[in-house]
Each structure stands twice: as structure tokens, then as C-alpha cells.
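Trainee: Before I ask anything, here is the structure I am working with.
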Amino acid sequence: MIASIAGYALGGGLELAEACDLRLAPTSAKVGQPEILLGIIPGAGGTQRSPRVSVGRGRCEEFVWSGR
């Protein structure tokens, strides 16, 4: 499966894109887990999948702890 991110991929949209085999996105694409700012842990495996397929463990922890 291929995910094409052409704008915003937030919350479930990002988790869906991370479940794909290949993700394509321009530098202007915005991705994130905004539910963290509400004190809610991402539900569909976003905290487990992000460090493995997208940004690495250190960067993922930064996003989770800061909510950026």
C-alpha cells in the first residue's frame, strides 16, 4: 500500500499512513498526533509504529512528551 500525504495527516490519518508500506509527502505536509495535547494516548498504535517507520525513537519521544 502507498500513502500520499498532500496536506495534513493528524491523529488517525497519520496512523493510517504509517500502516502503509510506502509514504510519499512533500516538505509542506504536516503530520502529528494532536490528541497528545489533550492527554490522550494515540489509540491505533501511533506511539509504537512511529519510532519504527517514520522518525526514530528519540524524535518520536520528543513529539509525545512535548505535543509538537
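Chain labels A, B, ... are given in the sequence in which chains occur in the C-alpha cells; within each chain residues are numbered consecutively from 1, and ligands are likewise numbered from 1 in the order shown.
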Counting only C-alpha atoms, what is within 12 Å of A:Thr27, bar same-chain residues fewer than 3 positions away, as a list in words?
Mentor: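 So the residues in contact are Ile5, Ala6, Gly7, Tyr8, Leu24, Lys30 and Val31 of chain A.
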Trainee: Please report the interatomic distance between atom CA of A:Ala19 and atom CA of A:Ser4 in Å with one decimal.
Mentor: 12.3 Å
Trainee: Between A:Ala29, A:Ile36, A:Ile41, A:Ala3, single out the one closest to A:Leu16, counting only C-alpha atoms.
Mentor: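 Looking only at the distances to A:Leu16, the closest residue turns out to be A:Ala3.
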Trainee: Report the distance between atom CA of A:Glu15 and atom CA of A:Ile40 in Å, rounded to one decimal place.
Mentor: 14.6 Å
Trainee: At a cut-off of 7 Å, using only C-alpha atoms, what residues contact A:Gly11? Leave out same-chain residues fewer than 6 positions from it and give the result as a list in words.
Mentor: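 Close residues of A:Gly11: Gly32, Gln33, Pro34 and Glu35 of chain A.
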Trainee: Tell me, in Å to one decimal, how far atom CA of A:Arg59 is from atom CA of A:Met1.
Mentor: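 Separation between atom CA of A:Arg59 and atom CA of A:Met1: 24.8 Å.
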Trainee: Just checking: using only C-alpha atoms, which residue out of A:Ala9, A:Ser66, A:Glu61, A:Gly56 ends up closest to A:Ala25?
Mentor: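 Selected residue with least distance to A:Ala25: A:Ala9.
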